[in-house]
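**Q** Quick one: the structure is below, questions incoming.
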Amino acid sequence: MKIHEYQAKEIFRKFGMPIPDGEIATSDNEVGKIAARIGKPVMVKAQVHVGGRGKAGGIKYAKDAHQAWELSQQILGMNIKGCIVRKVLITEAVEIASEAYIGMIIDRAAKMPVMMVSPAGGIDIEEVAATTPEKIMKLHVNPMLGLQNYQAMNLARFIYGDIKTARKAAQVIMQLYRAFMHIDASLAEVNPLITTPQGEVIAIDAKINIDDNGLFRRPEIEAMRDLNEEDPSETQAKDAGLSFVKLDGSIGCIVNGAGLAMATMDTVKHFGAEPANFLDIGGSSNPEKVINAMKIILKDSNVKAILFNIFGGITRCDDVANGIVTAVKELKPPVPIVVRLTGTNEDMGRRILEEVNLVATSSMEDVVKKAIELAA
Amino acid sequence: MAIYLTKKNKVIVQGITGRDGAFHTQQMIEYGTNIVGGVTPGKGGEIMHGVPVFESVENAVKATNADTSVIFVPPQYAVDAIYEAVDAGIKLVVCITEGVPVIDMLKVYHYVRTKGARLIGPNCPGIISPGLSKVGIMPGQIHKKGKVGVVSRSGTLTYEVVHALTNKGIGQSTVIGIGGDPIIGTNFIDTLQAYNEDKDTEAIVLIGEIGGTDEEEAARFIKKFVRKPVVAFIAGRTAPPGKRMGHAGAIISGGTGTAAEKVKALNAVGIPVADLPSQVADLIAEKLKSSGKRQMKISKKPTTKKAAVSKSVAKKKSAKKAAKK
């Protein structure tokens, strides 16, 4: 799950990280009030779940409250890479002497968290890694022991020559580590971490992604979910217990199992068409899920045919067939439906489908070819 | 023989009285798995499908000498269940549960290894050695005893491939679903090593998907150590970047973890990658045919030479394929 910069900053602030004063606003008048309260030059920052906000004109400097009010009128409602700006963060504009990067992710291969720091902050870290990898220091952390102070200090000294600044940065690195582990993050970064001419170390931007598997024990993080930033059909699918990703093609796919669902999409492409979606109805045999899946796919006007690819195991073919029959009667789909059933209770499933004149095949390739043929 | 799981494994079910645990306990018993008991705190002393239920894994191990456990508890209890099993001396833990937090798995992964135990999963269908035993949720009847080892990050996609193998008369030594999460207890490399050493496995099927770099590491490992033919399939060629495709681990992030990279890495070490799941069976059939012939011809030559032969065969094949196109 992605969260906004202002939410990431709230989290970091709780862990003691130095973050400039700021508040979130949804209207120009609110912006004016907040900027007036801060009483100094401010940054007006669009809050959307995409990168490149600055380049798109979504981050602006304002010398006073009046200018902040004016600028927010441009930024609120702006479309950045398909995301409408509904909120802006008004935050104190601090003077910058230097910019660094600190970040943390999970290294899947090493099965350890890895800290990354660089004195080259303020730009995309992937770009730094590609062009000047010597400017990045990586450190794997033993998850049993956690990040040790000396390790944080080593990382900090890689960024800053001055010991006083390094000590302050080491604290921030520790705070980043603790926050990451505590909130079940999958990525956390501060870019840039800046120093002021007075020698303060401050996090002026923040990004956190959350591991969805950890949300059950982090209700305060779950509450940060911003439905405006998600595709409505994906939200609807999630509420129905389905795993769904919208794509641009014309063949709607309803499959049991994530791997098979991906392979089904790939097979559609292999035979010359494009899949309209990824959809995994999961392992259980709930006919209700089939109906919901069909409802979601039928909302997409690009869809010219729907294919079911079911390999019964725990999922029973007769349950899925019942779901299909109910869905066909209830929704009267305007596009052709083709079905593949193999595995547990396959024959029962076939007989059930006869009621709505559907003939199930037993081969995945056949059903994909048939769907493409009917969609053309 | 098979890897990790034979008829000798004494299996307990953690979460045996739950809906899924109870159902699959019965399925496993019907398949012939040696289920010796189950664990559900608060229900010790009960009997489930003819086997005793215990209060703790420790009690179950004391009473039954169990060495294997399969976990069906909800995600909020799964980590605790793994630790409990390993601490009680269980040597093979299969965790079916989906939704275990990754941060917890980091610790679990290292802890299980320091204890000398093996964890399969989480978020996996489990393991089956056809004709011997199954510890998991896969439909037993689609499998057939034989000489092909299968390892996969998926569930139903594995069934699809196994079904195609069985239909072609090609049996399996062991089939393992290692799980769809970013951090899992047993990886491709562990399994490849075991299949390579297993005298009853003659060829290996590797089923990967987008996300992470496990397939690339597997390719490097195969090049260095594996002396048996390998055939692969990679799911997610059409997956968009930045989206989690069902499995928590199936996500292309920062431009890495794409299917194209994985196919390239595997091809580079001479492993053919099927375009469709059904083609895996055809490729394996060819490999078995040619490796059978080769063994007759050069049975006493050193193994390194064999590998060189199999690579050139793969090259020829891909050249043929290209010519057809």
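The chains in the structure tokens are called A, B, ... from first to last as shown; in each chain the residues are counted from 1, and the ligands are counted from 1 in the order shown.
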May I have the residues of chain A within 7 Å of chain B, counting only C-alpha atoms, written as a PDB file with N, CA and C atoms, in the first residue's frame?

**A**
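The new file iface_29.pdb reads:
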ATOM      1  N   ARG A 108      15.410  -9.082  -1.029  1.00  0.00           N
ATOM      2  CA  ARG A 108      14.774 -10.401  -1.077  1.00  0.00           C
ATOM      3  C   ARG A 108      15.804 -11.517  -1.195  1.00  0.00           C
ATOM      4  N   ALA A 109      16.867 -11.254  -1.948  1.00  0.00           N
ATOM      5  CA  ALA A 109      17.870 -12.299  -2.169  1.00  0.00           C
ATOM      6  C   ALA A 109      18.631 -12.597  -0.876  1.00  0.00           C
ATOM      7  N   LYS A 111      17.565 -11.880   2.149  1.00  0.00           N
ATOM      8  CA  LYS A 111      16.586 -12.049   3.240  1.00  0.00           C
ATOM      9  C   LYS A 111      16.932 -11.145   4.417  1.00  0.00           C
ATOM     10  N   MET A 112      17.299  -9.919   4.100  1.00  0.00           N
ATOM     11  CA  MET A 112      17.651  -8.959   5.144  1.00  0.00           C
ATOM     12  C   MET A 112      17.187  -7.579   4.718  1.00  0.00           C
ATOM     13  N   PRO A 143      18.423  -9.039  10.841  1.00  0.00           N
ATOM     14  CA  PRO A 143      17.082  -8.742  11.377  1.00  0.00           C
ATOM     15  C   PRO A 143      16.895  -9.234  12.812  1.00  0.00           C
ATOM     16  N   MET A 144      17.729 -10.176  13.252  1.00  0.00           N
ATOM     17  CA  MET A 144      17.633 -10.659  14.635  1.00  0.00           C
ATOM     18  C   MET A 144      18.162  -9.607  15.607  1.00  0.00           C
ATOM     19  N   MET A 181      10.622  -0.934  10.637  1.00  0.00           N
ATOM     20  CA  MET A 181      10.328  -2.228  11.236  1.00  0.00           C
ATOM     21  C   MET A 181       9.015  -2.184  12.004  1.00  0.00           C
ATOM     22  N   ASP A 184       5.720  -2.159   9.495  1.00  0.00           N
ATOM     23  CA  ASP A 184       5.663  -3.123   8.396  1.00  0.00           C
ATOM     24  C   ASP A 184       5.813  -2.432   7.042  1.00  0.00           C
ATOM     25  N   ASN A 213       0.559  -7.320   3.874  1.00  0.00           N
ATOM     26  CA  ASN A 213       0.418  -8.430   4.819  1.00  0.00           C
ATOM     27  C   ASN A 213       0.517  -7.969   6.272  1.00  0.00           C
ATOM     28  N   GLY A 214       1.093  -6.796   6.499  1.00  0.00           N
ATOM     29  CA  GLY A 214       1.240  -6.311   7.878  1.00  0.00           C
ATOM     30  C   GLY A 214       0.063  -5.467   8.338  1.00  0.00           C
ATOM     31  N   SER A 243      -8.440 -10.570  -6.021  1.00  0.00           N
ATOM     32  CA  SER A 243      -7.194  -9.908  -6.370  1.00  0.00           C
ATOM     33  C   SER A 243      -7.307  -9.500  -7.836  1.00  0.00           C
ATOM     34  N   GLY A 257      -6.242 -18.714  -8.718  1.00  0.00           N
ATOM     35  CA  GLY A 257      -4.792 -18.795  -8.480  1.00  0.00           C
ATOM     36  C   GLY A 257      -4.048 -17.696  -9.224  1.00  0.00           C
ATOM     37  N   ALA A 258      -3.080 -17.079  -8.535  1.00  0.00           N
ATOM     38  CA  ALA A 258      -2.374 -15.928  -9.110  1.00  0.00           C
ATOM     39  C   ALA A 258      -1.439 -16.341 -10.246  1.00  0.00           C
ATOM     40  N   GLY A 259      -0.718 -17.424 -10.066  1.00  0.00           N
ATOM     41  CA  GLY A 259       0.225 -17.875 -11.091  1.00  0.00           C
ATOM     42  C   GLY A 259      -0.510 -18.260 -12.366  1.00  0.00           C
ATOM     43  N   LEU A 260      -1.604 -19.002 -12.198  1.00  0.00           N
ATOM     44  CA  LEU A 260      -2.390 -19.419 -13.362  1.00  0.00           C
ATOM     45  C   LEU A 260      -3.041 -18.206 -14.029  1.00  0.00           C
ATOM     46  N   MET A 262      -1.796 -15.173 -14.169  1.00  0.00           N
ATOM     47  CA  MET A 262      -0.748 -14.523 -14.980  1.00  0.00           C
ATOM     48  C   MET A 262      -0.491 -15.323 -16.245  1.00  0.00           C
ATOM     49  N   ALA A 263      -0.411 -16.649 -16.101  1.00  0.00           N
ATOM     50  CA  ALA A 263      -0.143 -17.497 -17.261  1.00  0.00           C
ATOM     51  C   ALA A 263      -1.279 -17.391 -18.276  1.00  0.00           C
ATOM     52  N   MET A 265      -3.159 -14.668 -18.817  1.00  0.00           N
ATOM     53  CA  MET A 265      -2.925 -13.390 -19.510  1.00  0.00           C
ATOM     54  C   MET A 265      -1.842 -13.553 -20.572  1.00  0.00           C
ATOM     55  N   ASP A 266      -0.776 -14.237 -20.191  1.00  0.00           N
ATOM     56  CA  ASP A 266       0.341 -14.427 -21.119  1.00  0.00           C
ATOM     57  C   ASP A 266      -0.100 -15.245 -22.338  1.00  0.00           C
ATOM     58  N   THR A 267      -0.990 -16.221 -22.094  1.00  0.00           N
ATOM     59  CA  THR A 267      -1.469 -17.066 -23.193  1.00  0.00           C
ATOM     60  C   THR A 267      -2.348 -16.245 -24.148  1.00  0.00           C
ATOM     61  N   ASP A 280      -7.797 -12.975  -9.797  1.00  0.00           N
ATOM     62  CA  ASP A 280      -7.670 -14.252  -9.093  1.00  0.00           C
ATOM     63  C   ASP A 280      -8.837 -14.360  -8.118  1.00  0.00           C
ATOM     64  N   PHE A 311      -8.811 -24.336 -12.652  1.00  0.00           N
ATOM     65  CA  PHE A 311      -8.207 -25.630 -12.387  1.00  0.00           C
ATOM     66  C   PHE A 311      -8.596 -26.024 -10.972  1.00  0.00           C
ATOM     67  N   GLY A 313      -9.041 -27.582  -7.478  1.00  0.00           N
ATOM     68  CA  GLY A 313      -8.265 -28.284  -6.465  1.00  0.00           C
ATOM     69  C   GLY A 313      -9.116 -28.139  -5.225  1.00  0.00           C
TER      70      GLY A 313
END

**Q** Looking only at the backbone, which of the residues in range 28-268 of chain B does DSSP tag as strand (DSSP E), as a ChimeraX atom specification?

**A** /B:35-39,47-48,51-54,68-71,92-95,118-120,126-129,133-136,145-152,172-177,203-209,230-235

**Q** Identify, on the basis of only C-alpha atoms, every residue whose closest approach to Ile222 in chain B does not exceed 10 Å; exclude the query and any residue fewer than 6 positions from it along the same chain; express the result as an MDAnalysis selection string.

**A** chainID B and resid 189 192:193 196 216 228:230 266 269:271

**Q** Write out, as a compact mmCIF listing (two decimals), in the first residue's frame, the residues just selected, with C-alpha atoms.

**A**
# COMPACT_ATOMS: atom_id res chain seq x y z
CA ILE B 189 18.39 -23.07 -5.22
CA LEU B 192 17.54 -27.59 -7.28
CA GLN B 193 20.41 -28.84 -5.15
CA ASN B 196 20.39 -32.68 -8.41
CA GLU B 216 18.27 -15.43 -12.13
CA LYS B 228 20.35 -32.79 -14.99
CA PRO B 229 18.20 -31.27 -17.72
CA VAL B 230 16.05 -28.34 -16.60
CA LEU B 266 17.60 -18.96 -18.06
CA VAL B 269 22.58 -20.97 -19.47
CA GLY B 270 20.87 -23.26 -21.97
CA ILE B 271 17.55 -23.75 -20.22

**Q** Please return, as number ranges by chain, all residues of range 92-294 of chain B that DSSP assigns to alpha helix (DSSP H) on the basis of the backbone.

**A** B: 102-114, 156-167, 188-197, 214-225, 259-268, 279-294

**Q** Pick from B:Ala232, B:Ala85, B:Val53, B:Val175: nearest to Ile35 in chain B, with only C-alpha atoms counted?

**A**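 For Ile35 in chain B, the nearest of the given residues is B:Val53.
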
**Q** So the first atom is CA of Met224 in chain A and the second is CA of Ala35 in chain A; what is the distance between them in Å, to one decimal place?

**A**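 Answer for the CA of Met224 in chain A to CA of Ala35 in chain A separation: 24.0 Å.
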
**Q** When you look at range 347-353 of chain A with a cut-off of 7 Å (counting only C-alpha atoms), what residues show up, excluding the ones that are within fewer than 4 positions of it in the same chain? I need them as a list in words.

**A**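 With the cut-off at 7 Å, the set is Cys317, Asp318, Ala321, Asn322, Val325, Asn357, Leu358, Val359 and Ala360 of chain A.
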
**Q** Given the choices B:Gly146, B:Gly179, B:Gly171, B:Pro41, which gets closest to Val94 in chain B if the distance is worked out from only C-alpha atoms?

**A**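 Smallest separation from Val94 in chain B among the options: B:Gly179.
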
**Q** For the atom pair CA of Lys55 in chain A and CA of Gly32 in chain A, what is the interatomic distance in Å to one decimal place?

**A**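 Those two atoms sit 23.8 Å apart.
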
**Q** Do you know which residues are at most 10 Å from range 121-137 of chain A counting only C-alpha atoms, after dropping those on the same chain fewer than 2 positions away, and could you put them as a VMD selection string?

**A** (chain A and resid 51 to 52 98 to 103 115 to 119 139 154 to 156 158 to 159 190 to 194 204 to 205) or (chain B and resid 254 to 255)

**Q** For Phe225 in chain B, which residue out of B:Ile252, B:Ala194, B:Ala81, B:Ile90 is the nearest one, using only C-alpha atoms?

**A**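 Closest to Phe225 in chain B of all the choices is B:Ala194.
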
**Q** Would you work out the distance separating CA of Thr165 in chain A from CA of Leu147 in chain A, expressed in Å to one decimal?

**A**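 So the two atoms, CA of Thr165 in chain A and CA of Leu147 in chain A, lie 19.3 Å apart.
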
**Q** Could you check which of B:Ile251, B:Gly45, B:Val135, B:Val280 is closest to Leu206 in chain B, using only C-alpha atoms?

**A** B:Val280

**Q** So which residues touch Val339 in chain A within 10 Å, counting only C-alpha atoms, skipping near sequence neighbours fewer than 4 positions away, as a PDB file with N, CA, C and O atoms, in the first residue's frame?

**A**
ATOM      1  N   ILE A 254     -11.028 -14.493 -15.738  1.00  0.00           N
ATOM      2  CA  ILE A 254     -11.377 -14.861 -14.359  1.00  0.00           C
ATOM      3  C   ILE A 254     -10.748 -16.223 -14.075  1.00  0.00           C
ATOM      4  O   ILE A 254     -11.090 -17.214 -14.724  1.00  0.00           O
ATOM      5  N   ILE A 306     -15.364 -12.749 -22.108  1.00  0.00           N
ATOM      6  CA  ILE A 306     -14.868 -13.111 -20.774  1.00  0.00           C
ATOM      7  C   ILE A 306     -14.494 -14.588 -20.780  1.00  0.00           C
ATOM      8  O   ILE A 306     -15.273 -15.429 -21.236  1.00  0.00           O
ATOM      9  N   LEU A 307     -13.309 -14.881 -20.299  1.00  0.00           N
ATOM     10  CA  LEU A 307     -12.929 -16.290 -20.210  1.00  0.00           C
ATOM     11  C   LEU A 307     -12.701 -16.687 -18.755  1.00  0.00           C
ATOM     12  O   LEU A 307     -12.111 -15.940 -17.966  1.00  0.00           O
ATOM     13  N   PHE A 308     -13.224 -17.861 -18.430  1.00  0.00           N
ATOM     14  CA  PHE A 308     -12.976 -18.465 -17.124  1.00  0.00           C
ATOM     15  C   PHE A 308     -11.936 -19.562 -17.304  1.00  0.00           C
ATOM     16  O   PHE A 308     -12.095 -20.423 -18.166  1.00  0.00           O
ATOM     17  N   ASN A 309     -10.890 -19.518 -16.506  1.00  0.00           N
ATOM     18  CA  ASN A 309      -9.917 -20.607 -16.528  1.00  0.00           C
ATOM     19  C   ASN A 309      -9.812 -21.168 -15.111  1.00  0.00           C
ATOM     20  O   ASN A 309      -9.198 -20.555 -14.237  1.00  0.00           O
ATOM     21  N   ILE A 310     -10.447 -22.313 -14.888  1.00  0.00           N
ATOM     22  CA  ILE A 310     -10.522 -22.878 -13.539  1.00  0.00           C
ATOM     23  C   ILE A 310      -9.834 -24.237 -13.494  1.00  0.00           C
ATOM     24  O   ILE A 310     -10.202 -25.157 -14.229  1.00  0.00           O
ATOM     25  N   ALA A 321     -19.189 -23.186 -11.409  1.00  0.00           N
ATOM     26  CA  ALA A 321     -20.247 -23.283 -12.422  1.00  0.00           C
ATOM     27  C   ALA A 321     -21.542 -22.681 -11.895  1.00  0.00           C
ATOM     28  O   ALA A 321     -22.230 -21.944 -12.614  1.00  0.00           O
ATOM     29  N   ILE A 324     -21.262 -19.040 -12.125  1.00  0.00           N
ATOM     30  CA  ILE A 324     -21.377 -18.560 -13.508  1.00  0.00           C
ATOM     31  C   ILE A 324     -22.848 -18.519 -13.931  1.00  0.00           C
ATOM     32  O   ILE A 324     -23.316 -17.529 -14.491  1.00  0.00           O
ATOM     33  N   ARG A 350     -19.738 -29.131 -15.581  1.00  0.00           N
ATOM     34  CA  ARG A 350     -20.196 -29.108 -16.974  1.00  0.00           C
ATOM     35  C   ARG A 350     -21.710 -29.198 -17.078  1.00  0.00           C
ATOM     36  O   ARG A 350     -22.342 -28.468 -17.829  1.00  0.00           O
ATOM     37  N   LEU A 353     -23.470 -26.021 -16.154  1.00  0.00           N
ATOM     38  CA  LEU A 353     -23.353 -24.956 -17.163  1.00  0.00           C
ATOM     39  C   LEU A 353     -24.331 -25.134 -18.322  1.00  0.00           C
ATOM     40  O   LEU A 353     -24.690 -24.161 -18.984  1.00  0.00           O
ATOM     41  N   LEU A 358     -23.810 -23.126 -21.863  1.00  0.00           N
ATOM     42  CA  LEU A 358     -22.364 -22.953 -21.972  1.00  0.00           C
ATOM     43  C   LEU A 358     -21.711 -24.331 -22.023  1.00  0.00           C
ATOM     44  O   LEU A 358     -22.102 -25.237 -21.283  1.00  0.00           O
ATOM     45  N   VAL A 359     -20.745 -24.477 -22.920  1.00  0.00           N
ATOM     46  CA  VAL A 359     -20.016 -25.744 -23.014  1.00  0.00           C
ATOM     47  C   VAL A 359     -18.583 -25.491 -22.551  1.00  0.00           C
ATOM     48  O   VAL A 359     -17.876 -24.667 -23.126  1.00  0.00           O
ATOM     49  N   ALA A 360     -18.197 -26.185 -21.494  1.00  0.00           N
ATOM     50  CA  ALA A 360     -16.854 -25.965 -20.959  1.00  0.00           C
ATOM     51  C   ALA A 360     -15.839 -26.825 -21.709  1.00  0.00           C
ATOM     52  O   ALA A 360     -16.109 -27.982 -22.028  1.00  0.00           O
ATOM     53  N   THR A 361     -14.695 -26.248 -22.000  1.00  0.00           N
ATOM     54  CA  THR A 361     -13.602 -27.045 -22.565  1.00  0.00           C
ATOM     55  C   THR A 361     -12.712 -27.481 -21.414  1.00  0.00           C
ATOM     56  O   THR A 361     -12.871 -27.027 -20.281  1.00  0.00           O
ATOM     57  N   SER A 362     -11.767 -28.356 -21.702  1.00  0.00           N
ATOM     58  CA  SER A 362     -10.870 -28.767 -20.622  1.00  0.00           C
ATOM     59  C   SER A 362      -9.444 -28.289 -20.861  1.00  0.00           C
ATOM     60  O   SER A 362      -8.569 -28.520 -20.050  1.00  0.00           O
ATOM     61  N   SER A 363      -9.214 -27.605 -21.987  1.00  0.00           N
ATOM     62  CA  SER A 363      -7.858 -27.130 -22.263  1.00  0.00           C
ATOM     63  C   SER A 363      -7.782 -25.612 -22.157  1.00  0.00           C
ATOM     64  O   SER A 363      -8.628 -24.878 -22.676  1.00  0.00           O
ATOM     65  N   MET A 364      -6.751 -25.156 -21.497  1.00  0.00           N
ATOM     66  CA  MET A 364      -6.534 -23.723 -21.292  1.00  0.00           C
ATOM     67  C   MET A 364      -6.285 -23.011 -22.620  1.00  0.00           C
ATOM     68  O   MET A 364      -6.800 -21.920 -22.868  1.00  0.00           O
ATOM     69  N   ASP A 366      -7.283 -23.917 -25.629  1.00  0.00           N
ATOM     70  CA  ASP A 366      -8.514 -23.878 -26.422  1.00  0.00           C
ATOM     71  C   ASP A 366      -9.424 -22.746 -25.984  1.00  0.00           C
ATOM     72  O   ASP A 366     -10.005 -22.038 -26.812  1.00  0.00           O
ATOM     73  N   VAL A 367      -9.561 -22.600 -24.663  1.00  0.00           N
ATOM     74  CA  VAL A 367     -10.501 -21.593 -24.172  1.00  0.00           C
ATOM     75  C   VAL A 367      -9.999 -20.186 -24.501  1.00  0.00           C
ATOM     76  O   VAL A 367     -10.779 -19.297 -24.823  1.00  0.00           O
ATOM     77  N   VAL A 368      -8.683 -20.007 -24.465  1.00  0.00           N
ATOM     78  CA  VAL A 368      -8.123 -18.693 -24.803  1.00  0.00           C
ATOM     79  C   VAL A 368      -8.359 -18.393 -26.285  1.00  0.00           C
ATOM     80  O   VAL A 368      -8.819 -17.310 -26.654  1.00  0.00           O
ATOM     81  N   LYS A 370     -10.647 -19.592 -28.216  1.00  0.00           N
ATOM     82  CA  LYS A 370     -12.075 -19.393 -28.447  1.00  0.00           C
ATOM     83  C   LYS A 370     -12.493 -17.979 -28.028  1.00  0.00           C
ATOM     84  O   LYS A 370     -13.262 -17.311 -28.730  1.00  0.00           O
ATOM     85  N   ALA A 371     -11.971 -17.529 -26.887  1.00  0.00           N
ATOM     86  CA  ALA A 371     -12.310 -16.187 -26.402  1.00  0.00           C
ATOM     87  C   ALA A 371     -11.862 -15.133 -27.410  1.00  0.00           C
ATOM     88  O   ALA A 371     -12.597 -14.190 -27.720  1.00  0.00           O
TER      89      ALA A 371
END

**Q** Can you tell me which residues surround Met43 in chain A at a distance of at most 8 Å, considering only C-alpha atoms, apart from same-chain residues fewer than 4 positions away, and format the answer as a list in words?

**A**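 So the residues in contact are Ile59, Lys60, Tyr61, Ala62, Ala68, Leu89, Ile90, Thr91, Glu92 and Ala93 of chain A.
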